[in-house]
$ cat upload16.cif   # mmCIF, C-alpha atoms
data_entry
#
loop_
_atom_site.group_PDB
_atom_site.id
_atom_site.type_symbol
_atom_site.label_atom_id
_atom_site.label_comp_id
_atom_site.auth_asym_id
_atom_site.auth_seq_id
_atom_site.Cartn_x
_atom_site.Cartn_y
_atom_site.Cartn_z
ATOM 1 C CA MET Y 22 -21.804 -4.938 31.647
ATOM 2 C CA ASP Y 23 -23.792 -4.618 34.874
ATOM 3 C CA VAL Y 24 -20.808 -5.684 36.982
ATOM 4 C CA LEU Y 25 -18.535 -3.144 35.268
ATOM 5 C CA LYS Y 26 -21.058 -0.360 35.742
ATOM 6 C CA SER Y 27 -21.447 -1.240 39.414
ATOM 7 C CA GLU Y 28 -17.663 -1.434 39.986
ATOM 8 C CA ILE Y 29 -17.204 2.007 38.405
ATOM 9 C CA GLU Y 30 -20.036 3.542 40.428
ATOM 10 C CA LYS Y 31 -18.560 2.102 43.643
ATOM 11 C CA GLY Y 32 -15.150 3.604 42.794
ATOM 12 C CA LYS Y 33 -13.464 0.194 42.489
ATOM 13 C CA LEU Y 34 -12.239 0.855 38.950
ATOM 14 C CA PRO Y 35 -10.265 3.960 37.962
ATOM 15 C CA PHE Y 36 -12.886 5.531 35.709
ATOM 16 C CA PRO Y 37 -14.605 8.765 36.769
ATOM 17 C CA VAL Y 38 -18.394 8.596 36.968
ATOM 18 C CA GLY Y 39 -19.925 11.155 34.624
ATOM 19 C CA GLN Y 40 -16.984 11.064 32.216
ATOM 20 C CA THR Y 41 -17.103 7.351 31.430
ATOM 21 C CA THR Y 42 -19.223 5.476 28.915
ATOM 22 C CA LEU Y 43 -19.669 1.719 28.651
ATOM 23 C CA THR Y 44 -20.693 0.398 25.254
ATOM 24 C CA PRO Y 45 -21.497 -3.259 24.623
ATOM 25 C CA LYS Y 46 -20.443 -4.786 21.288
ATOM 26 C CA LYS Y 47 -18.536 -1.631 20.342
ATOM 27 C CA LYS Y 48 -16.949 -1.626 16.888
ATOM 28 C CA TYR Y 49 -13.742 0.257 16.207
ATOM 29 C CA ARG Y 50 -12.019 0.922 12.911
ATOM 30 C CA ALA Y 51 -8.641 -0.760 13.258
ATOM 31 C CA ARG Y 52 -5.463 0.785 11.924
ATOM 32 C CA SER Y 53 -5.601 -1.898 9.221
ATOM 33 C CA GLY Y 54 -8.953 -0.537 8.033
ATOM 34 C CA ASN Y 55 -11.007 -3.495 9.280
ATOM 35 C CA ASP Y 56 -13.732 -3.229 11.896
ATOM 36 C CA ILE Y 57 -13.014 -4.928 15.205
ATOM 37 C CA GLU Y 58 -15.711 -5.627 17.769
ATOM 38 C CA VAL Y 59 -15.109 -5.865 21.508
ATOM 39 C CA ASP Y 60 -17.501 -7.198 24.120
ATOM 40 C CA VAL Y 61 -17.489 -3.945 26.115
ATOM 41 C CA ALA Y 62 -15.652 -0.674 25.534
ATOM 42 C CA ILE Y 63 -14.940 1.672 28.420
ATOM 43 C CA GLU Y 64 -14.215 5.184 27.177
ATOM 44 C CA VAL Y 65 -13.270 8.150 29.338
ATOM 45 C CA PHE Y 66 -13.841 11.681 28.044
ATOM 46 C CA ARG Y 67 -12.543 15.015 29.272
ATOM 47 C CA ASP Y 68 -14.936 16.719 26.855
ATOM 48 C CA PRO Y 69 -17.993 14.769 25.622
ATOM 49 C CA THR Y 70 -17.790 16.455 22.207
ATOM 50 C CA LYS Y 71 -14.310 15.083 21.538
ATOM 51 C CA LYS Y 72 -12.734 11.666 21.167
ATOM 52 C CA PRO Y 73 -12.080 9.639 24.316
ATOM 53 C CA PHE Y 74 -8.674 10.130 25.888
ATOM 54 C CA LEU Y 75 -8.670 6.691 27.527
ATOM 55 C CA ILE Y 76 -9.969 3.463 25.974
ATOM 56 C CA THR Y 77 -10.192 0.151 27.819
ATOM 57 C CA LEU Y 78 -11.271 -2.987 25.996
ATOM 58 C CA VAL Y 79 -13.128 -5.641 27.965
ATOM 59 C CA GLU Y 80 -13.543 -9.204 26.765
ATOM 60 C CA CYS Y 81 -16.013 -11.483 28.559
ATOM 61 C CA LYS Y 82 -15.279 -15.205 28.527
ATOM 62 C CA ASP Y 83 -18.064 -17.488 29.750
ATOM 63 C CA TYR Y 84 -16.415 -20.819 28.993
ATOM 64 C CA ALA Y 85 -16.845 -24.269 30.512
ATOM 65 C CA LYS Y 86 -13.043 -24.578 30.837
ATOM 66 C CA PRO Y 87 -10.425 -22.109 32.133
ATOM 67 C CA ILE Y 88 -9.202 -19.569 29.593
ATOM 68 C CA ASP Y 89 -5.856 -20.112 27.868
ATOM 69 C CA THR Y 90 -3.014 -17.772 26.913
ATOM 70 C CA MET Y 91 -4.431 -17.359 23.410
ATOM 71 C CA ARG Y 92 -7.193 -15.148 24.863
ATOM 72 C CA ILE Y 93 -4.537 -12.818 26.311
ATOM 73 C CA GLY Y 94 -2.801 -12.592 22.923
ATOM 74 C CA ASP Y 95 -6.102 -11.939 21.147
ATOM 75 C CA LEU Y 96 -6.946 -9.038 23.449
ATOM 76 C CA TYR Y 97 -3.424 -7.617 23.269
ATOM 77 C CA ASN Y 98 -3.593 -7.671 19.454
ATOM 78 C CA LYS Y 99 -6.977 -5.924 19.471
ATOM 79 C CA MET Y 100 -5.571 -3.253 21.784
ATOM 80 C CA GLY Y 101 -2.711 -2.617 19.369
ATOM 81 C CA LEU Y 102 -4.893 -2.509 16.266
ATOM 82 C CA ILE Y 103 -7.376 -0.137 17.875
ATOM 83 C CA GLY Y 104 -4.911 1.945 19.873
ATOM 84 C CA ALA Y 105 -6.551 1.116 23.207
ATOM 85 C CA HIS Y 106 -4.739 1.888 26.445
ATOM 86 C CA LYS Y 107 -5.847 -1.020 28.626
ATOM 87 C CA GLY Y 108 -7.471 -4.431 28.461
ATOM 88 C CA ILE Y 109 -9.423 -6.517 30.954
ATOM 89 C CA ILE Y 110 -10.692 -10.063 30.617
ATOM 90 C CA PHE Y 111 -13.672 -11.161 32.692
ATOM 91 C CA THR Y 112 -13.959 -14.925 33.025
ATOM 92 C CA THR Y 113 -16.370 -17.244 34.763
ATOM 93 C CA SER Y 114 -14.069 -20.264 34.566
ATOM 94 C CA GLY Y 115 -10.646 -19.183 35.832
ATOM 95 C CA CYS Y 116 -7.306 -19.476 34.026
ATOM 96 C CA GLN Y 117 -5.039 -22.218 32.745
ATOM 97 C CA SER Y 118 -1.402 -22.376 33.805
ATOM 98 C CA GLY Y 119 0.648 -19.453 32.499
ATOM 99 C CA VAL Y 120 -2.287 -17.128 31.816
ATOM 100 C CA ILE Y 121 -1.702 -14.952 34.894
ATOM 101 C CA ARG Y 122 1.985 -14.523 34.023
ATOM 102 C CA GLU Y 123 1.141 -13.640 30.420
ATOM 103 C CA ALA Y 124 -1.528 -11.146 31.477
ATOM 104 C CA GLU Y 125 0.905 -9.466 33.884
ATOM 105 C CA PHE Y 126 3.495 -9.206 31.112
ATOM 106 C CA TYR Y 127 1.045 -7.450 28.772
ATOM 107 C CA ASN Y 128 -0.573 -5.353 31.548
ATOM 108 C CA ILE Y 129 -3.941 -6.966 30.953
ATOM 109 C CA GLY Y 130 -6.256 -7.291 33.930
ATOM 110 C CA ILE Y 131 -8.106 -10.498 34.693
ATOM 111 C CA ALA Y 132 -11.239 -10.641 36.803
ATOM 112 C CA ARG Y 133 -13.090 -13.810 37.735
ATOM 113 C CA LEU Y 134 -16.829 -13.601 38.209
ATOM 114 C CA ASN Y 135 -18.591 -16.598 39.667
ATOM 115 C CA TYR Y 136 -22.299 -16.907 39.097
ATOM 116 C CA GLY Y 137 -24.169 -15.552 42.068
ATOM 117 C CA ASP Y 138 -21.318 -13.255 43.152
ATOM 118 C CA ASP Y 139 -21.975 -9.551 43.227
ATOM 119 C CA GLU Y 140 -18.337 -8.563 42.899
ATOM 120 C CA PRO Y 141 -15.516 -9.942 40.770
ATOM 121 C CA LEU Y 142 -12.288 -11.367 42.130
ATOM 122 C CA TYR Y 143 -9.394 -9.532 40.501
ATOM 123 C CA GLU Y 144 -6.737 -12.065 39.537
ATOM 124 C CA VAL Y 145 -4.344 -9.610 37.868
ATOM 125 C CA GLU Y 146 -4.167 -5.942 38.727
ATOM 126 C CA ARG Y 147 -1.598 -3.489 37.539
ATOM 127 C CA SER Y 148 -1.536 -1.484 40.717
ATOM 128 C CA THR Y 149 -2.360 -1.987 44.373
ATOM 129 C CA THR Y 150 -3.170 1.698 44.795
ATOM 130 C CA SER Y 151 -6.709 2.954 45.188
ATOM 131 C CA ALA Y 152 -8.825 3.430 42.069
ATOM 132 C CA ARG Y 153 -8.728 7.218 42.558
ATOM 133 C CA ASN Y 154 -4.911 7.331 42.766
ATOM 134 C CA LEU Y 155 -4.592 4.993 39.797
ATOM 135 C CA TYR Y 156 -6.903 7.241 37.770
ATOM 136 C CA ARG Y 157 -4.876 10.303 38.741
ATOM 137 C CA SER Y 158 -1.648 8.554 37.686
ATOM 138 C CA ILE Y 159 -3.163 7.695 34.292
ATOM 139 C CA VAL Y 160 -4.522 11.180 33.679
ATOM 140 C CA PHE Y 161 -1.634 13.240 34.991
ATOM 141 C CA CYS Y 162 1.417 11.058 34.308
ATOM 142 C CA LYS Y 163 3.752 12.761 31.841
ATOM 143 C CA ASP Y 164 5.950 9.766 31.034
ATOM 144 C CA THR Y 165 3.696 6.925 29.800
ATOM 145 C CA LYS Y 166 6.557 4.420 30.198
ATOM 146 C CA LEU Y 167 6.358 4.976 33.953
ATOM 147 C CA CYS Y 168 2.559 4.802 34.205
#
$ encode --input "upload16.cif" --output "structure tokens"
Amino acid sequence: MDVLKSEIEKGKLPFPVGQTTLTPKKKYRARSGNDIEVDVAIEVFRDPTKKPFLITLVECKDYAKPIDTMRIGDLYNKMGLIGAHKGIIFTTSGCQSGVIREAEFYNIGIARLNYGDDEPLYEVERSTTSARNLYRSIVFCKDTKLC
């Protein structure tokens, strides 16, 4: 949570300060009617009195072994059930073979955070553009298939 907040404040993630909320252990009502909890929810609002227009789900994996492809599938399924726009997995243990490829396929970001590091190492990113330009493309893109 602290790392995410810091990355947003530094402009390293495409979420505008002042319009973005981070909520730990956020519960959403899934389309199936069940409640689904995520480690951290990032919500971006144009108007604070309305629903968020951009939802990013963040799962934090502090495992002794590298994460496997099942974690990518779990997050992707949560995104679909909730209607989230993006997913990011933070891991302290790296990734098994095939995880990076799977994450790229599903447009899920992966960030590795080693203990003692102030900043994460981004293993999978959707875009190499600056956070500001990526944010603008998300907000202003008319054709979501091209975003």
$ atom_distance --input "upload16.cif" --atom1 "atom CA of Y:Gly115" --atom2 "atom CA of Y:Lys86"
7.7 Å
$ atom_distance --input "upload16.cif" --atom1 "atom CA of Y:Tyr49" --atom2 "atom CA of Y:Pro87"
27.7 Å
$ residues_around --input "upload16.cif" --residues "stretch 51-62 of chain Y" --least-positions-apart "2" --cutoff "6 Å" --atoms "all atoms listed in the file" --output "PDB file with C-alpha atoms, keeping the file's coordinate frame"
ATOM      1  CA  LEU Y  43     -19.669   1.719  28.651  1.00  0.00           C
ATOM      2  CA  THR Y  44     -20.693   0.398  25.254  1.00  0.00           C
ATOM      3  CA  PRO Y  45     -21.497  -3.259  24.623  1.00  0.00           C
ATOM      4  CA  LYS Y  46     -20.443  -4.786  21.288  1.00  0.00           C
ATOM      5  CA  LYS Y  47     -18.536  -1.631  20.342  1.00  0.00           C
ATOM      6  CA  LYS Y  48     -16.949  -1.626  16.888  1.00  0.00           C
ATOM      7  CA  TYR Y  49     -13.742   0.257  16.207  1.00  0.00           C
ATOM      8  CA  THR Y  77     -10.192   0.151  27.819  1.00  0.00           C
ATOM      9  CA  LEU Y  78     -11.271  -2.987  25.996  1.00  0.00           C
ATOM     10  CA  VAL Y  79     -13.128  -5.641  27.965  1.00  0.00           C
ATOM     11  CA  GLU Y  80     -13.543  -9.204  26.765  1.00  0.00           C
ATOM     12  CA  LEU Y 102      -4.893  -2.509  16.266  1.00  0.00           C
ATOM     13  CA  ILE Y 103      -7.376  -0.137  17.875  1.00  0.00           C
TER      14      ILE Y 103
END
$ atom_distance --input "upload16.cif" --atom1 "atom CA of Y:Ala105" --atom2 "atom CA of Y:Met91"
18.6 Å
$ closest_residue --input "upload16.cif" --among "Y:Pro37, Y:Tyr143, Y:Val65, Y:Gly119" --to "Y:Lys107" --atoms "only C-alpha atoms"
Y:Val65
$ resolve_selection --input "upload16.cif" --expression "the PyMOL selection byres ((chain Y and resi 117) around 6)" --output "PyMOL selection string"
chain Y and resi 87-89+116+118+120
$ resolve_selection --input "upload16.cif" --expression "the PyMOL selection byres ((chain Y and resi 93) around 9)" --output "PyMOL selection string"
chain Y and resi 88-92+94-98+110+120+123-124+127+129
$ closest_residue --input "upload16.cif" --among "Y:Leu142, Y:Met22, Y:Met100, Y:Ile29" --to "Y:Thr113" --atoms "all atoms listed in the file"
Y:Leu142
$ closest_residue --input "upload16.cif" --among "Y:Pro141, Y:His106, Y:Tyr84, Y:Arg67" --to "Y:Lys33" --atoms "all atoms listed in the file"
Y:Pro141
$ residues_around --input "upload16.cif" --residues "Y:Asp83" --least-positions-apart "2" --cutoff "7 Å" --atoms "all atoms listed in the file" --output "MDAnalysis selection string"
chainID Y and resid 81 85 112:114
$ resolve_selection --input "upload16.cif" --expression "the PyMOL selection byres ((chain Y and resi 140) around 12)" --output "list in words"
Asp23, Val24, Leu25, Lys26, Ser27, Glu28, Ile29, Lys31, Lys33, Leu34, Phe111, Ala132, Arg133, Leu134, Asn135, Tyr136, Gly137, Asp138, Asp139, Pro141, Leu142 and Tyr143 of chain Y
$ write_last_selection --input "upload16.cif" --atoms "C-alpha atoms" --output "PDB file, in the coordinates of the input"
ATOM      1  CA  ASP Y  23     -23.792  -4.618  34.874  1.00  0.00           C
ATOM      2  CA  VAL Y  24     -20.808  -5.684  36.982  1.00  0.00           C
ATOM      3  CA  LEU Y  25     -18.535  -3.144  35.268  1.00  0.00           C
ATOM      4  CA  LYS Y  26     -21.058  -0.360  35.742  1.00  0.00           C
ATOM      5  CA  SER Y  27     -21.447  -1.240  39.414  1.00  0.00           C
ATOM      6  CA  GLU Y  28     -17.663  -1.434  39.986  1.00  0.00           C
ATOM      7  CA  ILE Y  29     -17.204   2.007  38.405  1.00  0.00           C
ATOM      8  CA  LYS Y  31     -18.560   2.102  43.643  1.00  0.00           C
ATOM      9  CA  LYS Y  33     -13.464   0.194  42.489  1.00  0.00           C
ATOM     10  CA  LEU Y  34     -12.239   0.855  38.950  1.00  0.00           C
ATOM     11  CA  PHE Y 111     -13.672 -11.161  32.692  1.00  0.00           C
ATOM     12  CA  ALA Y 132     -11.239 -10.641  36.803  1.00  0.00           C
ATOM     13  CA  ARG Y 133     -13.090 -13.810  37.735  1.00  0.00           C
ATOM     14  CA  LEU Y 134     -16.829 -13.601  38.209  1.00  0.00           C
ATOM     15  CA  ASN Y 135     -18.591 -16.598  39.667  1.00  0.00           C
ATOM     16  CA  TYR Y 136     -22.299 -16.907  39.097  1.00  0.00           C
ATOM     17  CA  GLY Y 137     -24.169 -15.552  42.068  1.00  0.00           C
ATOM     18  CA  ASP Y 138     -21.318 -13.255  43.152  1.00  0.00           C
ATOM     19  CA  ASP Y 139     -21.975  -9.551  43.227  1.00  0.00           C
ATOM     20  CA  PRO Y 141     -15.516  -9.942  40.770  1.00  0.00           C
ATOM     21  CA  LEU Y 142     -12.288 -11.367  42.130  1.00  0.00           C
ATOM     22  CA  TYR Y 143      -9.394  -9.532  40.501  1.00  0.00           C
TER      23      TYR Y 143
END
$ closest_residue --input "upload16.cif" --among "Y:Lys71, Y:Glu30, Y:Ile76, Y:Ile121" --to "Y:Gly108" --atoms "all atoms listed in the file"
Y:Ile76
$ build_atoms --input "upload16.cif" --residues "stretch 27-53 of chain Y" --atoms "N, CA and C atoms" --output "CSV table (one decimal), in the frame of the given file"
chain,number,residue,atom,x,y,z
Y,27,SER,N,-21.4,-1.3,38.0
Y,27,SER,CA,-21.4,-1.2,39.4
Y,27,SER,C,-20.1,-1.0,40.0
Y,28,GLU,N,-19.0,-1.6,39.5
Y,28,GLU,CA,-17.7,-1.4,40.0
Y,28,GLU,C,-17.2,0.0,39.8
Y,29,ILE,N,-17.6,0.6,38.7
Y,29,ILE,CA,-17.2,2.0,38.4
Y,29,ILE,C,-17.9,2.9,39.4
Y,30,GLU,N,-19.2,2.7,39.5
Y,30,GLU,CA,-20.0,3.5,40.4
Y,30,GLU,C,-19.6,3.5,41.9
Y,31,LYS,N,-19.1,2.3,42.3
Y,31,LYS,CA,-18.6,2.1,43.6
Y,31,LYS,C,-17.1,2.7,43.8
Y,32,GLY,N,-16.5,3.1,42.7
Y,32,GLY,CA,-15.2,3.6,42.8
Y,32,GLY,C,-14.1,2.5,42.8
Y,33,LYS,N,-14.4,1.3,42.4
Y,33,LYS,CA,-13.5,0.2,42.5
Y,33,LYS,C,-12.7,0.1,41.2
Y,34,LEU,N,-13.0,0.8,40.2
Y,34,LEU,CA,-12.2,0.9,39.0
Y,34,LEU,C,-11.9,2.3,38.7
Y,35,PRO,N,-10.8,2.6,38.1
Y,35,PRO,CA,-10.3,4.0,38.0
Y,35,PRO,C,-10.9,4.7,36.8
Y,36,PHE,N,-12.2,4.8,36.8
Y,36,PHE,CA,-12.9,5.5,35.7
Y,36,PHE,C,-13.9,6.5,36.4
Y,37,PRO,N,-13.8,7.8,36.1
Y,37,PRO,CA,-14.6,8.8,36.8
Y,37,PRO,C,-16.1,8.7,36.3
Y,38,VAL,N,-17.0,8.6,37.3
Y,38,VAL,CA,-18.4,8.6,37.0
Y,38,VAL,C,-18.7,9.9,36.3
Y,39,GLY,N,-19.5,9.9,35.3
Y,39,GLY,CA,-19.9,11.2,34.6
Y,39,GLY,C,-19.1,11.5,33.4
Y,40,GLN,N,-17.9,10.9,33.4
Y,40,GLN,CA,-17.0,11.1,32.2
Y,40,GLN,C,-16.7,9.8,31.5
Y,41,THR,N,-17.4,8.7,31.9
Y,41,THR,CA,-17.1,7.4,31.4
Y,41,THR,C,-18.3,6.8,30.8
Y,42,THR,N,-18.1,6.2,29.6
Y,42,THR,CA,-19.2,5.5,28.9
Y,42,THR,C,-18.8,4.0,28.8
Y,43,LEU,N,-19.8,3.2,28.9
Y,43,LEU,CA,-19.7,1.7,28.7
Y,43,LEU,C,-20.5,1.4,27.5
Y,44,THR,N,-20.0,0.7,26.5
Y,44,THR,CA,-20.7,0.4,25.3
Y,44,THR,C,-20.5,-1.1,25.0
Y,45,PRO,N,-21.6,-1.8,25.0
Y,45,PRO,CA,-21.5,-3.3,24.6
Y,45,PRO,C,-21.4,-3.4,23.1
Y,46,LYS,N,-20.6,-4.4,22.7
Y,46,LYS,CA,-20.4,-4.8,21.3
Y,46,LYS,C,-20.0,-3.6,20.5
Y,47,LYS,N,-19.1,-2.8,21.0
Y,47,LYS,CA,-18.5,-1.6,20.3
Y,47,LYS,C,-17.6,-2.0,19.2
Y,48,LYS,N,-17.8,-1.4,18.0
Y,48,LYS,CA,-16.9,-1.6,16.9
Y,48,LYS,C,-16.0,-0.4,16.7
Y,49,TYR,N,-14.8,-0.8,16.5
Y,49,TYR,CA,-13.7,0.3,16.2
Y,49,TYR,C,-13.2,0.0,14.8
Y,50,ARG,N,-12.8,1.1,14.2
Y,50,ARG,CA,-12.0,0.9,12.9
Y,50,ARG,C,-10.6,0.7,13.3
Y,51,ALA,N,-10.0,-0.4,12.9
Y,51,ALA,CA,-8.6,-0.8,13.3
Y,51,ALA,C,-7.7,0.0,12.3
Y,52,ARG,N,-6.5,0.1,12.7
Y,52,ARG,CA,-5.5,0.8,11.9
Y,52,ARG,C,-5.3,0.1,10.6
Y,53,SER,N,-5.7,-1.2,10.5
Y,53,SER,CA,-5.6,-1.9,9.2
Y,53,SER,C,-6.8,-1.6,8.3
